[in-house]
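A.B. asks: Contents of query_21.txt (compact mmCIF, C-alpha atoms) are given next:
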```
# COMPACT_ATOMS: atom_id res chain seq x y z
CA MET A 1493 -44.85 146.80 -226.26
CA GLU A 1494 -47.77 144.41 -226.06
CA GLN A 1495 -45.39 141.56 -225.18
CA ALA A 1496 -43.95 143.62 -222.35
CA THR A 1497 -47.46 144.26 -221.06
CA VAL A 1498 -48.30 140.54 -221.15
CA ASP A 1499 -45.08 139.66 -219.39
CA SER A 1500 -45.85 142.15 -216.63
CA LEU A 1501 -49.12 140.36 -215.82
CA GLY A 1502 -49.18 137.46 -213.38
CA PHE A 1503 -49.48 136.59 -209.72
CA ALA A 1504 -46.87 139.13 -208.60
CA HIS A 1505 -48.62 141.89 -210.51
CA PHE A 1506 -51.96 140.76 -209.06
CA LEU A 1507 -50.58 141.05 -205.52
CA THR A 1508 -49.45 144.61 -206.15
CA GLN A 1509 -52.86 145.57 -207.54
CA THR A 1510 -55.13 143.86 -204.97
CA ASP A 1511 -56.51 145.70 -201.97
CA SER A 1512 -56.78 144.72 -198.30
CA VAL A 1513 -59.81 142.49 -198.90
CA GLY A 1514 -57.98 140.54 -201.58
CA LYS A 1515 -54.96 140.14 -199.34
CA LEU A 1516 -57.23 138.94 -196.53
CA VAL A 1517 -58.65 136.30 -198.88
CA LEU A 1518 -55.15 135.20 -199.81
CA ALA A 1519 -54.16 135.02 -196.15
CA THR A 1520 -57.25 132.90 -195.41
CA LEU A 1521 -56.40 130.48 -198.22
CA LEU A 1522 -52.81 130.31 -197.03
CA LEU A 1523 -53.93 129.57 -193.47
CA LEU A 1524 -56.29 126.83 -194.64
CA SER A 1525 -53.57 125.32 -196.79
CA VAL A 1526 -50.98 125.29 -194.00
CA ALA A 1527 -53.48 123.81 -191.53
CA SER A 1528 -54.56 121.15 -194.03
CA TRP A 1529 -51.07 120.04 -194.95
CA TYR A 1530 -49.98 120.03 -191.31
CA LEU A 1531 -52.88 117.71 -190.46
CA ILE A 1532 -52.32 115.57 -193.55
CA VAL A 1533 -48.67 114.95 -192.72
CA THR A 1534 -49.05 114.55 -188.95
CA ARG A 1535 -52.16 112.35 -189.14
CA ALA A 1536 -50.62 110.16 -191.84
CA LEU A 1537 -47.48 109.62 -189.75
CA ALA A 1538 -49.49 109.05 -186.57
CA ASN A 1539 -51.75 106.52 -188.29
CA MET A 1540 -48.81 104.66 -189.76
CA LEU A 1541 -47.06 104.52 -186.37
CA ALA A 1542 -50.27 103.43 -184.61
CA ARG A 1543 -50.76 100.60 -187.09
CA ARG A 1544 -47.19 99.35 -186.68
CA ARG A 1545 -47.46 99.41 -182.88
CA ALA A 1546 -50.85 97.69 -182.99
CA ASP A 1547 -49.56 94.95 -185.31
CA THR A 1548 -46.57 94.34 -183.04
CA PHE A 1549 -48.75 94.20 -179.93
CA LEU A 1550 -51.36 91.90 -181.47
CA GLU A 1551 -48.67 89.52 -182.63
CA ARG A 1552 -47.28 89.30 -179.08
CA PHE A 1553 -50.79 89.10 -177.61
CA TRP A 1554 -51.92 86.09 -179.60
CA LYS A 1555 -48.60 84.33 -179.03
CA ALA A 1556 -48.87 84.75 -175.23
CA SER A 1557 -49.67 81.61 -173.26
CA SER A 1558 -52.14 83.34 -170.92
CA LEU A 1559 -53.68 86.66 -169.96
CA SER A 1560 -51.36 86.72 -166.95
CA GLU A 1561 -48.41 86.85 -169.32
CA VAL A 1562 -50.04 89.72 -171.23
CA ASP A 1563 -50.73 91.52 -167.95
CA ALA A 1564 -47.09 91.20 -166.90
CA ALA A 1565 -45.93 92.51 -170.25
CA LEU A 1566 -48.20 95.55 -169.96
CA GLN A 1567 -46.81 96.31 -166.52
CA SER A 1568 -43.26 96.36 -167.88
CA GLN A 1569 -44.17 98.28 -171.03
CA PRO A 1570 -47.09 100.75 -170.87
CA ALA A 1571 -49.76 100.65 -173.56
CA ASP A 1572 -48.69 102.63 -176.63
CA ASN A 1573 -51.59 101.83 -178.94
CA ALA A 1574 -55.38 101.49 -178.85
CA PHE A 1575 -55.35 97.68 -178.69
CA ALA A 1576 -52.94 97.56 -175.77
CA ALA A 1577 -54.96 100.24 -173.95
CA LEU A 1578 -58.10 98.17 -174.51
CA VAL A 1579 -56.48 95.12 -172.95
CA GLU A 1580 -55.04 97.11 -170.05
CA LYS A 1581 -58.41 98.67 -169.15
CA SER A 1582 -60.17 95.33 -169.47
CA LEU A 1583 -57.70 93.56 -167.20
CA ARG A 1584 -58.08 96.33 -164.65
CA THR A 1585 -61.81 95.65 -164.42
CA GLN A 1586 -60.99 92.07 -163.45
CA VAL A 1587 -58.46 93.02 -160.77
CA ASP A 1588 -58.89 96.53 -159.40
CA ASP A 1589 -62.67 96.71 -159.19
CA GLY A 1590 -65.07 94.61 -157.20
CA PRO A 1591 -68.85 94.30 -156.91
CA ASP A 1592 -68.90 96.93 -154.16
CA HIS A 1593 -67.86 99.65 -156.60
CA LEU A 1594 -70.54 101.78 -158.25
CA ALA A 1595 -68.78 101.34 -161.60
CA ALA A 1596 -69.28 97.58 -161.31
CA ALA A 1597 -73.02 97.84 -160.58
CA GLY A 1598 -74.84 95.14 -162.49
CA GLY A 1599 -71.96 92.70 -162.30
CA LEU A 1600 -68.42 92.55 -163.60
CA THR A 1601 -69.59 91.24 -166.96
CA GLU A 1602 -71.68 94.35 -167.56
CA TYR A 1603 -68.85 96.50 -166.27
CA LEU A 1604 -66.46 94.86 -168.72
CA THR A 1605 -68.90 95.51 -171.56
CA ARG A 1606 -69.13 99.19 -170.65
CA THR A 1607 -65.36 99.44 -170.31
CA LEU A 1608 -64.78 98.01 -173.77
CA ALA A 1609 -67.46 100.25 -175.31
CA ASN A 1610 -66.09 103.36 -173.62
CA ALA A 1611 -62.54 102.57 -174.72
CA ILE A 1612 -63.70 102.19 -178.32
CA ASP A 1613 -65.60 105.49 -178.11
CA VAL A 1614 -62.49 107.25 -176.80
CA GLU A 1615 -60.42 105.88 -179.68
CA ALA A 1616 -63.14 106.90 -182.16
CA ALA A 1617 -63.04 110.46 -180.82
CA ARG A 1618 -59.25 110.48 -180.99
CA SER A 1619 -59.35 109.27 -184.59
CA GLU A 1620 -61.59 112.20 -185.53
CA HIS A 1621 -58.94 114.74 -184.53
CA GLY A 1622 -58.34 117.25 -187.30
CA LEU A 1623 -61.01 115.94 -189.67
CA THR A 1624 -63.26 118.94 -189.03
CA ILE A 1625 -60.54 121.30 -190.23
CA LEU A 1626 -59.94 119.21 -193.34
CA ALA A 1627 -63.66 119.11 -194.08
CA SER A 1628 -63.94 122.86 -193.56
CA ALA A 1629 -60.97 123.55 -195.82
CA GLY A 1630 -62.29 121.23 -198.51
CA SER A 1631 -65.75 122.79 -198.52
CA ALA A 1632 -64.93 126.45 -197.86
CA ALA A 1633 -61.71 127.05 -199.84
CA PRO A 1634 -63.34 127.01 -203.31
CA TYR A 1635 -65.91 129.60 -202.19
CA VAL A 1636 -63.24 131.74 -200.55
CA GLY A 1637 -61.26 131.64 -203.79
CA LEU A 1638 -64.38 132.43 -205.82
CA PHE A 1639 -65.11 135.42 -203.61
CA GLY A 1640 -61.56 136.65 -204.20
CA THR A 1641 -62.05 136.26 -207.94
CA VAL A 1642 -65.33 138.19 -207.95
CA TRP A 1643 -63.78 140.92 -205.82
CA GLY A 1644 -60.74 141.12 -208.09
CA ILE A 1645 -62.83 141.27 -211.28
CA TYR A 1646 -65.00 143.99 -209.80
CA HIS A 1647 -62.04 146.22 -209.00
CA ALA A 1648 -60.36 145.43 -212.31
CA LEU A 1649 -63.47 146.50 -214.22
CA VAL A 1650 -63.75 149.66 -212.12
CA ARG A 1651 -60.16 150.61 -212.94
CA ILE A 1652 -60.68 149.85 -216.62
CA GLY A 1653 -63.84 151.91 -216.68
CA LEU A 1654 -62.12 154.90 -215.08
CA SER A 1655 -59.26 154.67 -217.57
CA GLY A 1656 -61.67 154.66 -220.52
CA GLN A 1657 -59.81 151.81 -222.23
CA GLY A 1658 -62.38 149.02 -222.45
CA THR A 1659 -60.84 147.00 -225.25
CA LEU A 1660 -60.48 143.22 -224.97
CA ASP A 1661 -56.73 143.30 -224.49
CA LYS A 1662 -57.18 145.70 -221.56
CA VAL A 1663 -59.91 143.60 -219.92
CA ALA A 1664 -58.54 140.08 -220.41
CA GLY A 1665 -55.35 140.62 -218.40
CA PRO A 1666 -56.84 141.91 -215.12
CA VAL A 1667 -59.76 139.48 -215.29
CA GLY A 1668 -57.38 136.59 -215.93
CA GLU A 1669 -55.31 137.62 -212.94
CA ALA A 1670 -58.39 137.63 -210.75
CA LEU A 1671 -59.10 134.02 -211.72
CA ILE A 1672 -55.89 133.09 -209.86
CA MET A 1673 -57.95 133.24 -206.67
CA THR A 1674 -60.27 130.49 -207.88
CA ALA A 1675 -57.30 128.34 -208.83
CA LEU A 1676 -55.77 128.86 -205.38
CA GLY A 1677 -59.04 127.92 -203.71
CA LEU A 1678 -59.17 124.65 -205.68
CA ALA A 1679 -55.51 123.97 -204.92
CA VAL A 1680 -56.32 124.20 -201.20
CA ALA A 1681 -59.57 122.24 -201.37
CA ILE A 1682 -58.58 119.22 -203.47
CA PRO A 1683 -55.84 117.83 -201.15
CA ALA A 1684 -58.05 118.49 -198.11
CA VAL A 1685 -61.00 116.58 -199.59
CA LEU A 1686 -58.85 113.64 -200.70
CA ALA A 1687 -57.17 113.45 -197.29
CA TYR A 1688 -60.52 113.70 -195.48
CA ASN A 1689 -61.93 110.77 -197.46
CA ALA A 1690 -58.77 108.71 -196.95
CA PHE A 1691 -58.70 109.31 -193.19
CA ASN A 1692 -62.41 108.56 -192.90
CA ARG A 1693 -61.91 105.23 -194.62
CA ARG A 1694 -58.93 104.43 -192.41
CA ASN A 1695 -60.92 105.26 -189.28
CA ARG A 1696 -63.78 102.97 -190.30
CA LEU A 1697 -61.42 100.06 -190.90
CA TRP A 1698 -59.44 100.81 -187.73
CA LEU A 1699 -62.52 100.93 -185.49
CA SER A 1700 -63.97 97.84 -187.11
CA ARG A 1701 -60.75 96.01 -186.33
CA LEU A 1702 -60.76 97.34 -182.78
CA GLU A 1703 -64.37 96.25 -182.23
CA SER A 1704 -63.58 92.77 -183.52
CA PHE A 1705 -60.65 92.53 -181.12
CA ALA A 1706 -62.83 93.80 -178.26
CA HIS A 1707 -65.27 90.97 -178.93
CA ASP A 1708 -62.45 88.42 -178.81
CA LEU A 1709 -61.12 89.98 -175.63
CA TYR A 1710 -64.56 89.87 -174.01
CA VAL A 1711 -64.78 86.15 -174.74
CA LEU A 1712 -61.32 85.53 -173.30
CA LEU A 1713 -62.12 87.40 -170.10
CA THR A 1714 -65.54 85.88 -169.50
CA VAL A 1715 -64.91 82.27 -170.53
CA LYS A 1716 -64.93 79.78 -167.67
CA SER A 1717 -62.03 77.52 -166.83
CA GLY A 1718 -62.42 73.82 -166.07
CA ASP A 1719 -63.11 74.39 -162.36
CA GLY A 1720 -65.82 77.00 -163.08
CA ARG A 1721 -63.75 80.07 -162.21
CA PRO A 1722 -63.29 83.02 -164.60
CA VAL A 1723 -59.94 83.21 -166.35
CA ALA A 1724 -58.29 86.17 -164.59
CA PRO A 1725 -54.92 87.89 -164.98
CA SER A 1726 -52.22 88.17 -162.40
CA THR A 1727 -53.10 90.06 -159.20
CA ALA A 1728 -49.80 91.95 -159.23
CA ARG A 1729 -51.68 95.21 -159.76
CA ARG A 1730 -53.47 95.06 -156.43
CA GLY A 1731 -50.53 96.53 -154.52
```
Now, as a test, write the supplied structure out as structure tokens.
C.D. replies:
Amino acid sequence: MEQATVDSLGFAHFLTQTDSVGKLVLATLLLLSVASWYLIVTRALANMLARRRADTFLERFWKASSLSEVDAALQSQPADNAFAALVEKSLRTQVDDGPDHLAAAGGLTEYLTRTLANAIDVEAARSEHGLTILASAGSAAPYVGLFGTVWGIYHALVRIGLSGQGTLDKVAGPVGEALIMTALGLAVAIPAVLAYNAFNRRNRLWLSRLESFAHDLYVLLTVKSGDGRPVAPSTARRG
């Protein structure tokens, strides 16, 4: 008889005994888990694809004979990564904008500097996508699970008190079931925290690499040729 009682306890039995508040806690944990894993999978795939595209572009970029060749390549194949977008925007400042534009106030060199900085800021903001949700899940899920546990223990003790059977074997089962909520909260939080830290590290390395490339690009675009003229790309964009 006691074995049958033990076998009847578990998560399924806990679901049948919990009230609307407990089910709301479970739904919240489920929502946080789904959102976290969706972001983990999609961000991991997007980061991997972005890195492959960036590596391919940078290999072609440094093998190009001139910026005009890079400009022509970007016209035939639109930028599909942050490094290509950085080059495309920088080349546009050399061709599409002149000193009479408000954006170029202070000279084209200053305009190029602002363009590079703005492009890096845009990529930094894009890299932060989804991290707030991961951070929220990692920090809030354990407390949500703990609240569910406290709520479950409270109702379990109330039921036990009303039944008048306060022995250890009658208390341990319902209280143990309520602890499932804490375990679920940790199960949601741990992957979210690990993913948040991993994506943060990736973003720091990615932006550091992008800033280093921006510096190299700035030098290439502002260096003077032998006759004293700036090295400029093709003017095919002027059309």
A.B. asks: Give me, as a VMD selection string, all polymer residues having an atom no more than 12 Å from Val1533 in chain A, counting all atoms listed in the file and skipping those fewer than 6 positions away in the same chain.
C.D. replies: chain A and resid 1526 to 1527 1539 to 1540 1622 1683 to 1684 1687 1691
A.B. asks: In Å, with one decimal, what is the gap from CA of Arg1552 in chain A to CA of Ala1571 in chain A?
C.D. replies: 12.9 Å
A.B. asks: Between CA of Asp1563 in chain A and CA of Ala1611 in chain A, what is the distance in Å, rounded to a tenth?
C.D. replies: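 Answer for the CA of Asp1563 in chain A to CA of Ala1611 in chain A separation: 17.5 Å.
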A.B. asks: Please give the centre and size of the box around range 1540-1551 of chain A (axis-aligned, containing every atom listed in the file, 4 Å added per side), with values in Å to one decimal and written as JSON.
C.D. replies:
```
{"center_x": -49.0, "center_y": 97.1, "center_z": -184.8, "size_x": 12.8, "size_y": 23.1, "size_z": 17.8}
```
A.B. asks: List the neighbours of range 1612-1615 of chain A out to 9 Å using all atoms listed in the file; skip same-chain residues closer than 6 positions along the sequence, and give me the result as a PDB file with C-alpha atoms, in the coordinates of the input.
C.D. replies:
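Contents of around.pdb, as written:
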```pdb
ATOM      1  CA  ALA A1574     -55.380 101.490-178.850  1.00  0.00           C
ATOM      2  CA  LEU A1578     -58.100  98.170-174.510  1.00  0.00           C
ATOM      3  CA  LEU A1699     -62.520 100.930-185.490  1.00  0.00           C
ATOM      4  CA  LEU A1702     -60.760  97.340-182.780  1.00  0.00           C
ATOM      5  CA  GLU A1703     -64.370  96.250-182.230  1.00  0.00           C
ATOM      6  CA  ALA A1706     -62.830  93.800-178.260  1.00  0.00           C
TER       7      ALA A1706
END
```
A.B. asks: Rank A:Phe1549, A:Leu1713, A:Tyr1635, A:Ala1542 by their smallest atom-to-atom distance to Pro1570 in chain A, using only C-alpha atoms, and report the top residue only.
C.D. replies: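 Looking at the shortest contact to Pro1570 in chain A, the residue is A:Phe1549.
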A.B. asks: Find the spatial neighbours of Ile1672 in chain A, counting only C-alpha atoms, within a cut-off of 10 Å - ignore same-chain residues fewer than 2 positions away - and output them as an mmCIF file with C-alpha atoms, in the frame of the given file.
C.D. replies:
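The resulting around_20.cif:
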```cif
data_model
loop_
_atom_site.group_PDB
_atom_site.id
_atom_site.type_symbol
_atom_site.label_atom_id
_atom_site.label_comp_id
_atom_site.auth_asym_id
_atom_site.auth_seq_id
_atom_site.Cartn_x
_atom_site.Cartn_y
_atom_site.Cartn_z
ATOM 1 C CA GLY A 1502 -49.180 137.460 -213.380
ATOM 2 C CA PHE A 1503 -49.480 136.590 -209.720
ATOM 3 C CA PHE A 1506 -51.960 140.760 -209.060
ATOM 4 C CA GLY A 1637 -61.260 131.640 -203.790
ATOM 5 C CA LEU A 1638 -64.380 132.430 -205.820
ATOM 6 C CA GLY A 1640 -61.560 136.650 -204.200
ATOM 7 C CA THR A 1641 -62.050 136.260 -207.940
ATOM 8 C CA GLY A 1644 -60.740 141.120 -208.090
ATOM 9 C CA VAL A 1667 -59.760 139.480 -215.290
ATOM 10 C CA GLY A 1668 -57.380 136.590 -215.930
ATOM 11 C CA GLU A 1669 -55.310 137.620 -212.940
ATOM 12 C CA ALA A 1670 -58.390 137.630 -210.750
ATOM 13 C CA THR A 1674 -60.270 130.490 -207.880
ATOM 14 C CA ALA A 1675 -57.300 128.340 -208.830
ATOM 15 C CA LEU A 1676 -55.770 128.860 -205.380
ATOM 16 C CA GLY A 1677 -59.040 127.920 -203.710
ATOM 17 C CA LEU A 1678 -59.170 124.650 -205.680
#
```
A.B. asks: Quick one: residues within 9 Å of Ala1681 in chain A, only C-alpha atoms counted, chain neighbours fewer than 3 positions away excluded, as a short mmCIF file (atom, residue, chain, number, x, y, z; two decimals) with C-alpha atoms, in the frame of the given file?
C.D. replies:
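Contents of the output file selection_4.cif:
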```cif
data_model
loop_
_atom_site.label_atom_id
_atom_site.label_comp_id
_atom_site.auth_asym_id
_atom_site.auth_seq_id
_atom_site.Cartn_x
_atom_site.Cartn_y
_atom_site.Cartn_z
CA LEU A 1524 -56.29 126.83 -194.64
CA SER A 1525 -53.57 125.32 -196.79
CA SER A 1528 -54.56 121.15 -194.03
CA LEU A 1626 -59.94 119.21 -193.34
CA ALA A 1627 -63.66 119.11 -194.08
CA SER A 1628 -63.94 122.86 -193.56
CA ALA A 1629 -60.97 123.55 -195.82
CA GLY A 1630 -62.29 121.23 -198.51
CA SER A 1631 -65.75 122.79 -198.52
CA ALA A 1632 -64.93 126.45 -197.86
CA ALA A 1633 -61.71 127.05 -199.84
CA PRO A 1634 -63.34 127.01 -203.31
CA LEU A 1676 -55.77 128.86 -205.38
CA GLY A 1677 -59.04 127.92 -203.71
CA LEU A 1678 -59.17 124.65 -205.68
CA ALA A 1684 -58.05 118.49 -198.11
CA VAL A 1685 -61.00 116.58 -199.59
CA LEU A 1686 -58.85 113.64 -200.70
#
```
A.B. asks: Quick one: residues within 8 Å of range 1544-1548 of chain A, only C-alpha atoms counted, chain neighbours fewer than 6 positions away excluded, as a PyMOL selection string?
C.D. replies: chain A and resi 1572-1576
A.B. asks: Smallest atom-to-atom distance to Asn1695 in chain A: which of A:Glu1602, A:Val1711, A:Arg1543, A:Leu1521, using only C-alpha atoms?
C.D. replies: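 Comparing A:Glu1602, A:Val1711, A:Arg1543, A:Leu1521 against Asn1695 in chain A, the winner is A:Arg1543.
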A.B. asks: Distance CA of Trp1643 in chain A-CA of Val1513 in chain A, one decimal place?
C.D. replies: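 Taking CA of Trp1643 in chain A as the start and CA of Val1513 in chain A as the end point, the length is 8.1 Å.
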